[in-house]
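Below is one structure, written out as structure tokens; the observations come after it.
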Amino acid sequence: MQATGLNSGDSVSAIQIPRNEHNISRANISNNAIKVLTRLSKSGYEAYLVGGGVRDLLLGREPKDFDVATNARPEEVKQVFNNCRLIGRRFRLAHVHFGREIIEVATFRSNQKTTEAGDRQVENGMILRDNVYGTLEEDAQRRDFTINALYYNIDDFSVVDFANGMVDLQQGVIRLLGDVESRYREDPVRLLRAIRFAAKLGFVIEPATEAPIARFAPLLGEVPSARLYEEVLKLFLGGAALESFEKLRHYELFGQLFPATEEALSHEDHEFPITFVNRGMANTDDRLSQGKSVTPAFLFAVLLWEPVRLRAERFEAEGAHPLEALQNAAAEVLSEQAKHVSIPKRFSYPMRDIWQLQARFTQRQGKRPQRLASHPKFRAAYDFLLLRAESGEVDQELADWWTLYQHANGEEKVSMTEQGRRGRGRRRRKRRKKTQTVDE
């Protein structure tokens, strides 16, 4: 099966689109990216803005980052920039640092085979290591999708199109470059990237690129879990979490990333588990659209809650205390999940807090609400409770009570927390019986 586009060894005839025929303006490009492009060019190297930055600029979107492609080797880039660090073993890259902004610089890569030891390592069709350098034309062949094979030339401000990417961009099509099966086997993460771009841009996946996705889904099991963690963040923290979630399930990819969650959702007897995840994804999209922060801890807490909840119920049925059941369930689910998508401890610990605090929301008497409200993870746990109520897992009255409590003044809070204690009265102290003395 083969998609329309470049293949290794094809003769390349690039289309050059002059400045007056495209909408990219240097005013919309990061000043630091312009500095990198200009300095490389002045140092005698080819330098192009490439990939998502070019794609998004052409679509009138604000790019998240700017990547540069050049014929300068990583070591040569480092000589040009004092603020440069070389990273990566699978793909050797140069990161040029400007405070918090990093401009990633990649050397043109080749599609040609090499006999040089260590430059390229391929196992079962998957590229494990690739630092074989080539020309601009060869680099274009190595790009994954046609819409990402567009290069912005800093010398004359033109856009160079090697694979009719401009046409696909205008028509809203996700098309894999080259032989589809080979490209997916080379890097199974391309399965996820196809979904991400389709969801993020609102594009359709062309038939040849779409057809083998579900069949090749198991290939994701060969990708390091740490790398899949980064891809999951891109999928769900890019502003199209709900659409990405639905597409992942449609193409049978979600189960490769979160098998316990997929198992729980596929056997649901009522609507709230899938509704809960859907609302969590929609909530993430809403917060991002409003410029609010989103923590991966909350995202993963939503995605893994159903398997944790079900396992905790099982442990309780076997006699475990509710808190102990929840703690053990969380530990087991997170341990199993790490085999598929690893979650750093800086996020897994807050996730446990969010889950464990749920039981404390039912304790609304005395000083317990005040202590809970002062917990560092209260706000995240409260937002989590709201999602549970919206999806029908817990009574809406409970969520409403906590909403009112947060806005109540001191006297109102005392009244709210005393209501559950009325009628209980004060426990009477038992009177000790007097010891009778017997006269001798």
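Ligands are numbered from 1 in the order shown, residues from 1 within each chain, and chains are lettered A, B, ... in the order they appear in the structure tokens.
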
Which residues of range 240-314 of chain A sit at most 12 Å from range 384-395 of chain A, using only C-alpha atoms? Give each one's shortest atom pair and distance in Å (one decimal place), in chain and ascending residue order, as a Markdown table.
| residue | atom | partner | partner_atom | distance |
| --- | --- | --- | --- | --- |
| A:His270 | CA | A:Gly392 | CA | 9.9 |
| A:Glu271 | CA | A:Ser391 | CA | 8.0 |
| A:Phe272 | CA | A:Ser391 | CA | 5.1 |
| A:Pro273 | CA | A:Ser391 | CA | 7.6 |
| A:Ile274 | CA | A:Ser391 | CA | 8.6 |
| A:Thr275 | CA | A:Ser391 | CA | 5.5 |
| A:Phe276 | CA | A:Ser391 | CA | 5.1 |
| A:Val277 | CA | A:Leu387 | CA | 8.8 |
| A:Asn278 | CA | A:Ser391 | CA | 9.1 |
| A:Arg279 | CA | A:Leu387 | CA | 6.7 |
| A:Gly280 | CA | A:Leu387 | CA | 6.7 |
| A:Met281 | CA | A:Leu387 | CA | 10.4 |
| A:Ala282 | CA | A:Leu387 | CA | 10.5 |
| A:Asn283 | CA | A:Leu387 | CA | 8.7 |
| A:Thr284 | CA | A:Leu387 | CA | 11.4 |
| A:Ala297 | CA | A:Phe384 | CA | 11.3 |
| A:Phe298 | CA | A:Phe384 | CA | 7.9 |
| A:Leu299 | CA | A:Phe384 | CA | 10.0 |
| A:Phe300 | CA | A:Phe384 | CA | 11.5 |
| A:Ala301 | CA | A:Phe384 | CA | 8.6 |
| A:Val302 | CA | A:Phe384 | CA | 7.8 |
| A:Leu303 | CA | A:Phe384 | CA | 11.6 |
| A:Trp305 | CA | A:Phe384 | CA | 10.0 |
| A:Glu306 | CA | A:Glu393 | CA | 10.5 |
| A:Arg309 | CA | A:Glu393 | CA | 10.8 |

Run DSSP on the backbone and give me the residues of range 170-212 of chain A it puts in helix (DSSP H, G or I), as a ChimeraX atom specification.
-> /A:170-171,180-186,189-201,207-210

Export of the given selection (N, CA and C atoms) as an mmCIF file, in the first residue's frame:
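Heads up, here's the output in result20.cif:
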data_model
loop_
_atom_site.group_PDB
_atom_site.id
_atom_site.type_symbol
_atom_site.label_atom_id
_atom_site.label_comp_id
_atom_site.auth_asym_id
_atom_site.auth_seq_id
_atom_site.Cartn_x
_atom_site.Cartn_y
_atom_site.Cartn_z
ATOM 1 N N GLN A 170 -4.356 23.064 1.753
ATOM 2 C CA GLN A 170 -5.527 23.812 1.321
ATOM 3 C C GLN A 170 -6.786 22.950 1.315
ATOM 4 N N GLN A 171 -6.618 21.657 1.052
ATOM 5 C CA GLN A 171 -7.768 20.755 0.984
ATOM 6 C C GLN A 171 -8.066 20.070 2.313
ATOM 7 N N VAL A 180 3.185 3.551 2.829
ATOM 8 C CA VAL A 180 2.501 3.690 4.112
ATOM 9 C C VAL A 180 2.966 2.646 5.134
ATOM 10 N N GLU A 181 2.963 1.388 4.741
ATOM 11 C CA GLU A 181 3.308 0.339 5.698
ATOM 12 C C GLU A 181 4.744 0.483 6.173
ATOM 13 N N SER A 182 5.644 0.789 5.270
ATOM 14 C CA SER A 182 7.042 0.963 5.664
ATOM 15 C C SER A 182 7.208 2.138 6.614
ATOM 16 N N ARG A 183 6.506 3.224 6.333
ATOM 17 C CA ARG A 183 6.653 4.415 7.172
ATOM 18 C C ARG A 183 6.089 4.189 8.575
ATOM 19 N N TYR A 184 4.973 3.454 8.676
ATOM 20 C CA TYR A 184 4.424 3.148 9.990
ATOM 21 C C TYR A 184 5.339 2.191 10.759
ATOM 22 N N ARG A 185 5.910 1.240 10.052
ATOM 23 C CA ARG A 185 6.814 0.298 10.723
ATOM 24 C C ARG A 185 8.094 0.993 11.172
ATOM 25 N N GLU A 186 8.591 1.933 10.372
ATOM 26 C CA GLU A 186 9.785 2.686 10.743
ATOM 27 C C GLU A 186 9.602 3.391 12.080
ATOM 28 N N VAL A 189 4.910 5.712 16.054
ATOM 29 C CA VAL A 189 4.352 6.940 16.617
ATOM 30 C C VAL A 189 3.642 7.748 15.541
ATOM 31 N N ARG A 190 3.973 7.496 14.281
ATOM 32 C CA ARG A 190 3.274 8.187 13.190
ATOM 33 C C ARG A 190 1.782 7.871 13.191
ATOM 34 N N LEU A 191 1.393 6.727 13.739
ATOM 35 C CA LEU A 191 -0.029 6.408 13.888
ATOM 36 C C LEU A 191 -0.707 7.454 14.771
ATOM 37 N N LEU A 192 -0.052 7.798 15.859
ATOM 38 C CA LEU A 192 -0.594 8.793 16.785
ATOM 39 C C LEU A 192 -0.535 10.194 16.195
ATOM 40 N N ARG A 193 0.528 10.479 15.456
ATOM 41 C CA ARG A 193 0.657 11.802 14.852
ATOM 42 C C ARG A 193 -0.440 12.045 13.813
ATOM 43 N N ALA A 194 -0.807 11.008 13.077
ATOM 44 C CA ALA A 194 -1.890 11.151 12.101
ATOM 45 C C ALA A 194 -3.185 11.542 12.810
ATOM 46 N N ILE A 195 -3.445 10.887 13.947
ATOM 47 C CA ILE A 195 -4.645 11.204 14.728
ATOM 48 C C ILE A 195 -4.563 12.621 15.284
ATOM 49 N N ARG A 196 -3.400 12.974 15.813
ATOM 50 C CA ARG A 196 -3.241 14.287 16.444
ATOM 51 C C ARG A 196 -3.456 15.418 15.445
ATOM 52 N N PHE A 197 -2.863 15.296 14.256
ATOM 53 C CA PHE A 197 -3.015 16.361 13.268
ATOM 54 C C PHE A 197 -4.452 16.440 12.759
ATOM 55 N N ALA A 198 -5.070 15.281 12.576
ATOM 56 C CA ALA A 198 -6.458 15.273 12.107
ATOM 57 C C ALA A 198 -7.371 15.941 13.134
ATOM 58 N N ALA A 199 -7.146 15.645 14.419
ATOM 59 C CA ALA A 199 -7.976 16.222 15.474
ATOM 60 C C ALA A 199 -7.685 17.705 15.663
ATOM 61 N N LYS A 200 -6.415 18.050 15.696
ATOM 62 C CA LYS A 200 -6.012 19.434 15.956
ATOM 63 C C LYS A 200 -6.407 20.371 14.827
ATOM 64 N N LEU A 201 -6.206 19.933 13.583
ATOM 65 C CA LEU A 201 -6.440 20.804 12.437
ATOM 66 C C LEU A 201 -7.845 20.656 11.847
ATOM 67 N N PRO A 207 -7.495 7.974 2.469
ATOM 68 C CA PRO A 207 -7.761 6.537 2.601
ATOM 69 C C PRO A 207 -6.530 5.652 2.756
ATOM 70 N N ALA A 208 -5.503 5.856 1.929
ATOM 71 C CA ALA A 208 -4.332 4.981 2.001
ATOM 72 C C ALA A 208 -3.603 5.134 3.329
ATOM 73 N N THR A 209 -3.598 6.347 3.877
ATOM 74 C CA THR A 209 -2.954 6.600 5.172
ATOM 75 C C THR A 209 -3.801 6.056 6.311
ATOM 76 N N GLU A 210 -5.111 6.086 6.137
ATOM 77 C CA GLU A 210 -6.046 5.674 7.183
ATOM 78 C C GLU A 210 -6.201 4.163 7.287
#

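Using only C-alpha atoms, the residues found no farther than 12 Å from Lys64 in chain A, other than those of its own chain fewer than 2 positions away, are Asn28, Ile29, Ser30, Gly51, Gly52, Gly53, Val54, Arg55, Asp56, Leu57, Arg61, Glu62, Phe66, Asp67, Glu101, Ile102, Ile103, Lys234, Leu237, Gly238 and Gly239 of chain A.
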
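Here the question is which of A:Met166, A:Leu248, A:Ala380, A:Leu177 gets nearest to Ile354 in chain A using only C-alpha atoms, and that residue is A:Ala380.
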
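What separates CA of Arg85 in chain A from CA of Phe98 in chain A is a distance of 11.6 Å.
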
So how many Å separate CA of Ile213 in chain A and CA of Ala260 in chain A, to one decimal?
->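 Pair CA of Ile213 in chain A / CA of Ala260 in chain A returns 20.8 Å.
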